[in-house]
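Okay, protein-v3.csv is below, CSV, C-alpha atoms and all ligand atoms:
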```
chain,number,residue,atom,x,y,z
A,28,MET,CA,-213.9,28.6,114.2
A,29,ARG,CA,-214.6,31.4,111.7
A,30,THR,CA,-211.9,31.8,109.2
A,31,ALA,CA,-211.4,34.8,106.8
A,32,VAL,CA,-208.9,35.4,104.1
A,33,TYR,CA,-207.6,38.9,103.5
A,34,PRO,CA,-206.0,38.8,100.0
A,35,GLY,CA,-203.8,41.3,98.3
A,36,SER,CA,-200.5,42.2,96.7
A,37,PHE,CA,-199.2,44.0,99.9
A,38,ASP,CA,-196.4,45.5,97.9
A,39,PRO,CA,-195.6,46.7,100.6
A,40,VAL,CA,-198.0,46.4,103.5
A,41,THR,CA,-199.2,49.9,104.6
A,42,ASN,CA,-200.8,51.3,107.8
A,43,GLY,CA,-204.1,51.0,106.0
A,44,HIS,CA,-203.7,47.3,105.5
A,45,LEU,CA,-202.6,46.8,109.1
A,46,ASP,CA,-205.7,48.7,110.3
A,47,VAL,CA,-207.9,46.3,108.2
A,48,ILE,CA,-206.1,43.3,109.6
A,49,LYS,CA,-206.6,44.5,113.2
A,50,ARG,CA,-210.3,45.1,112.6
A,51,ALA,CA,-210.8,41.7,110.9
A,52,SER,CA,-209.0,40.0,113.8
A,53,ARG,CA,-211.7,41.4,116.1
A,54,ILE,CA,-214.5,39.8,114.1
A,55,PHE,CA,-213.0,36.5,113.0
A,56,ASP,CA,-211.2,33.7,115.0
A,57,ARG,CA,-208.6,33.2,112.3
A,58,VAL,CA,-207.5,35.8,109.6
A,59,ILE,CA,-205.2,34.6,106.9
A,60,VAL,CA,-203.4,37.4,105.2
A,61,ALA,CA,-202.8,35.9,101.7
A,62,VAL,CA,-200.2,37.4,99.3
A,63,LEU,CA,-201.1,36.9,95.7
A,64,VAL,CA,-198.2,35.2,93.8
A,65,ASN,CA,-199.3,35.1,90.2
A,66,SER,CA,-200.2,38.8,89.7
A,67,ALA,CA,-200.2,40.5,86.3
A,68,LYS,CA,-198.5,43.5,88.1
A,69,LYS,CA,-194.7,43.3,88.4
A,70,PRO,CA,-194.2,43.6,92.2
A,71,ALA,CA,-191.4,45.7,93.7
A,72,PHE,CA,-190.9,43.2,96.6
A,73,SER,CA,-190.6,39.4,96.3
A,74,VAL,CA,-193.3,37.2,97.8
A,75,ALA,CA,-190.7,36.2,100.5
A,76,GLU,CA,-190.1,39.9,101.4
A,77,ARG,CA,-193.8,40.7,101.4
A,78,THR,CA,-194.7,37.8,103.7
A,79,GLN,CA,-191.7,38.6,105.9
A,80,MET,CA,-192.9,42.2,106.3
A,81,LEU,CA,-196.4,41.1,107.0
A,82,SER,CA,-195.3,38.6,109.6
A,83,LYS,CA,-193.2,41.2,111.3
A,84,VAL,CA,-196.0,43.7,111.7
A,85,THR,CA,-198.7,41.3,112.6
A,86,GLN,CA,-196.8,39.5,115.4
A,87,GLY,CA,-198.9,39.6,118.5
A,88,ILE,CA,-202.2,40.1,116.7
A,89,GLU,CA,-204.2,37.1,117.8
A,90,GLY,CA,-205.5,34.7,115.2
A,91,VAL,CA,-203.5,36.3,112.3
A,92,GLU,CA,-201.5,34.1,109.9
A,93,ILE,CA,-199.5,35.0,106.8
A,94,ASP,CA,-199.5,32.9,103.7
A,95,HIS,CA,-199.4,33.2,99.9
A,96,PHE,CA,-201.5,31.8,97.1
A,97,ASN,CA,-201.6,31.1,93.4
A,98,GLY,CA,-204.6,30.9,91.1
A,99,LEU,CA,-208.2,31.7,92.1
A,100,LEU,CA,-208.9,33.2,95.4
A,101,VAL,CA,-212.0,31.1,96.0
A,102,ASP,CA,-210.0,27.9,95.5
A,103,TYR,CA,-207.6,29.1,98.2
A,104,CYS,CA,-210.6,29.9,100.4
A,105,LYS,CA,-212.0,26.4,99.9
A,106,LYS,CA,-208.5,24.9,100.7
A,107,VAL,CA,-208.2,26.8,104.0
A,108,GLY,CA,-211.9,26.5,105.0
A,109,ALA,CA,-212.5,30.2,104.9
A,110,THR,CA,-216.1,31.5,104.8
A,111,ALA,CA,-215.2,35.2,104.3
A,112,ILE,CA,-213.0,37.3,102.1
A,113,ILE,CA,-211.9,40.6,103.7
A,114,LYS,CA,-211.6,43.7,101.5
A,115,GLY,CA,-210.6,47.1,102.7
A,116,LEU,CA,-212.6,49.9,101.2
A,117,ARG,CA,-211.0,53.4,101.1
A,118,ALA,CA,-213.2,55.5,98.9
A,119,VAL,CA,-216.3,55.1,96.7
A,120,SER,CA,-213.9,54.8,93.7
A,121,ASP,CA,-212.8,51.4,95.1
A,122,PHE,CA,-216.3,50.1,95.2
A,123,GLU,CA,-217.1,49.4,91.6
A,124,TYR,CA,-214.1,47.1,91.0
A,125,GLU,CA,-214.5,45.4,94.4
A,126,PHE,CA,-218.2,44.9,93.8
A,127,GLN,CA,-217.4,43.2,90.4
A,128,MET,CA,-214.8,40.9,92.1
A,129,ALA,CA,-217.2,40.0,94.9
A,130,LEU,CA,-219.9,39.1,92.5
A,131,THR,CA,-217.5,37.1,90.3
A,132,ASN,CA,-216.2,35.2,93.3
A,133,ARG,CA,-219.7,34.4,94.4
A,134,GLN,CA,-220.6,33.1,90.9
A,135,ILE,CA,-217.6,30.8,91.0
A,136,TYR,CA,-218.2,29.6,94.5
A,137,ASP,CA,-221.1,30.5,96.8
A,138,GLY,CA,-219.5,29.2,100.0
A,139,VAL,CA,-217.6,32.4,100.7
A,140,ASP,CA,-218.9,36.0,101.3
A,141,THR,CA,-217.0,39.2,100.8
A,142,VAL,CA,-216.9,41.4,103.9
A,143,PHE,CA,-215.9,45.1,103.3
A,144,LEU,CA,-214.2,46.9,106.1
A,145,THR,CA,-213.6,50.7,106.0
A,146,THR,CA,-210.2,52.0,107.0
A,147,THR,CA,-209.9,55.0,109.4
A,148,SER,CA,-210.2,58.3,107.7
A,149,GLU,CA,-206.4,59.0,108.1
A,150,HIS,CA,-205.6,56.0,105.9
A,151,MET,CA,-208.2,56.6,103.2
A,152,TYR,CA,-205.8,58.1,100.7
A,153,LEU,CA,-203.1,55.4,101.3
A,154,SER,CA,-202.0,52.8,98.8
A,155,SER,CA,-198.9,50.7,98.3
A,156,SER,CA,-198.2,52.5,95.0
A,157,ILE,CA,-198.2,55.9,96.7
A,158,VAL,CA,-195.8,54.5,99.3
A,159,ARG,CA,-193.5,53.1,96.6
A,160,GLU,CA,-193.5,56.4,94.7
A,161,VAL,CA,-192.6,58.5,97.8
A,162,ALA,CA,-189.9,56.0,99.0
A,163,ARG,CA,-188.3,55.8,95.6
A,164,TYR,CA,-187.5,59.5,95.6
A,165,GLY,CA,-186.3,59.6,99.2
A,166,GLY,CA,-189.5,61.0,100.7
A,167,ASP,CA,-190.6,60.3,104.3
A,168,ILE,CA,-192.9,57.3,104.5
A,169,SER,CA,-193.0,57.0,108.2
A,170,LYS,CA,-196.6,58.0,108.5
A,171,PHE,CA,-197.7,55.5,105.8
A,172,VAL,CA,-196.1,52.2,106.8
A,173,PRO,CA,-195.4,50.5,110.2
A,174,GLN,CA,-192.3,52.1,111.7
A,175,GLU,CA,-190.3,48.8,111.8
A,176,LEU,CA,-190.5,48.6,108.0
A,177,THR,CA,-189.6,52.1,106.9
A,178,GLU,CA,-185.9,51.4,106.6
A,179,GLN,CA,-186.2,48.1,104.8
A,180,ILE,CA,-188.7,49.6,102.3
A,181,CYS,CA,-186.7,52.8,101.6
A,182,ARG,CA,-183.4,50.9,101.3
A,183,LYS,CA,-184.7,48.6,98.6
A,184,LEU,CA,-186.6,51.2,96.6
A,185,ILE,CA,-184.0,53.9,96.7
A,186,HIS,CA,-181.4,51.3,95.6
A,187,GLU,CA,-183.7,50.2,92.7
A,188,GLU,CA,-184.2,53.8,91.7
A,189,LYS,CA,-180.4,54.4,91.7
A,190,MET,CA,-179.9,51.4,89.5
A,191,ALA,CA,-182.6,52.4,87.1
A,192,GLY,CA,-181.1,56.0,87.0
A,193,SER,CA,-177.6,54.8,86.3
A,194,GLY,CA,-178.9,52.6,83.5
A,195,GLU,CA,-180.4,55.7,81.9
A,196,VAL,CA,-177.1,57.6,82.1
A,197,GLU,CA,-175.2,54.8,80.4
A,198,LYS,CA,-177.6,54.7,77.4
B,1,LIG,O1,-203.9,44.2,96.5
B,1,LIG,P1,-204.6,43.9,95.2
B,1,LIG,O2,-203.6,43.7,94.1
B,1,LIG,O3,-205.7,44.9,94.8
B,1,LIG,O4,-205.4,42.5,95.3
B,1,LIG,C1,-206.1,41.9,94.3
B,1,LIG,C2,-206.5,40.5,94.6
B,1,LIG,C3,-205.3,39.6,95.0
B,1,LIG,C4,-207.5,40.5,95.7
B,1,LIG,C5,-207.2,39.9,93.3
B,1,LIG,O5,-206.3,40.2,92.2
B,1,LIG,C6,-207.4,38.4,93.4
B,1,LIG,O6,-208.3,37.9,94.1
B,1,LIG,N1,-206.7,37.6,92.6
B,1,LIG,C7,-206.8,36.2,92.5
B,1,LIG,C8,-207.3,35.7,91.2
B,1,LIG,C9,-208.8,35.6,91.3
B,1,LIG,O7,-209.4,34.8,92.1
B,1,LIG,N2,-209.5,36.3,90.4
B,1,LIG,C10,-211.0,36.2,90.3
B,1,LIG,C11,-211.6,37.3,91.1
B,1,LIG,S1,-212.1,38.6,90.1
```

This entry written out as structure tokens:
Amino acid sequence: MRTAVYPGSFDPVTNGHLDVIKRASRIFDRVIVAVLVNSAKKPAFSVAERTQMLSKVTQGIEGVEIDHFNGLLVDYCKKVGATAIIKGLRAVSDFEYEFQMALTNRQIYDGVDTVFLTTTSEHMYLSSSIVREVARYGGDISKFVPQELTEQICRKLIHEEKMAGSGEVEK
């Protein structure tokens, strides 16, 4: 049984992430998509929302499980018996940081290898932050995220933006 962990913020999951999950599921018997809890970034969606969205869009993809983790990624990999960490590479600009993380993880624990998968060219420019930005201002995100999530994502972010906007007016 070959287990891989696909870690990330998934704030929210995009079509690019889903593409990587599907590709990983063809290579590994078990792919655990693991949402980082203790991030320095302040997420727009709670861990519960992010895992719920991931569960919804990965339903029916064989061998895929959704979980969340705290602390070091390699400790989580040890805990679940994973021998690979999946990372999606979009552009060369991703590489330097990803390379640094891969080498750091290997220094800490040599029992897990990082596997880089490239997304399809149509998803190369995509990121969760771009999706949040477009959704916040009422733009069309239907090409960026799984169709069944568009409403949920827009509803939350437009609402947040309205709240932030009304705060400004009151000042
Ligand atoms: O989607 P993101 O935010 O780019 O994912 C980053 C993530 C979760 C892969 C990375 O921050 C991570 O692995 N965090 C866990 C803490 C850790 O193990 N750090 C040491 C590796 S450099």

Taking all atoms listed in the file into account, which residues have an atom no farther than 9 Å from ligand LIG 1 (chain B)? I'd like them as a ChimeraX atom specification.
/A:33-38,61-68,96-103,114,124-125,127-132,135,155

Would you kindly return, as a ChimeraX atom specification, each protein, DNA or RNA residue with an atom no farther than 6 Å from any atom of Ile112 of chain A, considering only C-alpha atoms and excluding same-chain residues fewer than 4 positions away?
/A:31-33,141-142

Set the distance at 12 Å and use all atoms listed in the file: which residues neighbour Leu176 of chain A once local chain neighbours fewer than 2 positions away are removed? I'd like the list as a list in words.
Pro39, Val40, Thr41, Asn42, Glu76, Arg77, Gln79, Met80, Leu81, Ser82, Lys83, Val84, Thr85, Val158, Ala162, Ile168, Ser169, Lys170, Phe171, Val172, Pro173, Gln174, Glu178, Gln179, Ile180, Cys181, Arg182 and Lys183 of chain A

Choose the residue, out of A:Val74, A:Phe55, A:Glu188, A:Thr110, that has the smallest atom-to-atom separation from Ile93 of chain A; count only C-alpha atoms.
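The closest residue to Ile93 of chain A is A:Val74.
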
Determine the nearest neighbour of Lys105 of chain A from the options A:Ile48, A:Ile157, A:Val119, A:Val139, counting only C-alpha atoms.
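Among the listed residues, the smallest separation from Lys105 of chain A belongs to A:Val139.
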
Could you work out how far atom CA of Ser156 of chain A lies from atom CA of Leu144 of chain A, giving the answer in Å with one decimal?
20.3 Å

Need to verify the contact set: Thr145 of chain A, 8 Å, all atoms listed in the file, exclusion of same-chain residues closer than 4 positions in sequence. Can you return it as an MDAnalysis selection string?
chainID A and resid 47 115:117

Write the residues you've just listed into a file as a compact mmCIF listing (two decimals), keeping the file's coordinate frame, and include C-alpha atoms for each of them.
```txt
# COMPACT_ATOMS: atom_id res chain seq x y z
CA VAL A 47 -207.90 46.30 108.20
CA GLY A 115 -210.60 47.10 102.70
CA LEU A 116 -212.60 49.90 101.20
CA ARG A 117 -211.00 53.40 101.10
```

Among A:His186, A:Arg159, A:His150, A:His95, Val60 of chain A is approached most closely, using only C-alpha atoms, by A:His95

Atom CA of Lys49 of chain A to atom CA of Ile88 of chain A, straight-line distance in Å:
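Rounded to one decimal, the two atoms are 7.1 Å apart.
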
For each of A:Ser73, A:Thr146, A:Leu45, A:Glu89, take the minimum atom-to-atom distance to Val58 of chain A, counting only C-alpha atoms, then give the residue where this is smallest.
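Among the listed residues, A:Glu89 lies closest to Val58 of chain A.
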
Atomic distance atom CA of Arg29 of chain A - atom CA of Gly108 of chain A, expressed in Å with one decimal
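Value for the atom CA of Arg29 of chain A-atom CA of Gly108 of chain A distance: 8.7 Å.
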
Counting all atoms listed in the file, figure out which residue out of A:Met151, A:His44, A:Arg133, A:Val161 gets nearest to Asp121 of chain A.
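For Asp121 of chain A, the nearest of the candidates is A:Met151.
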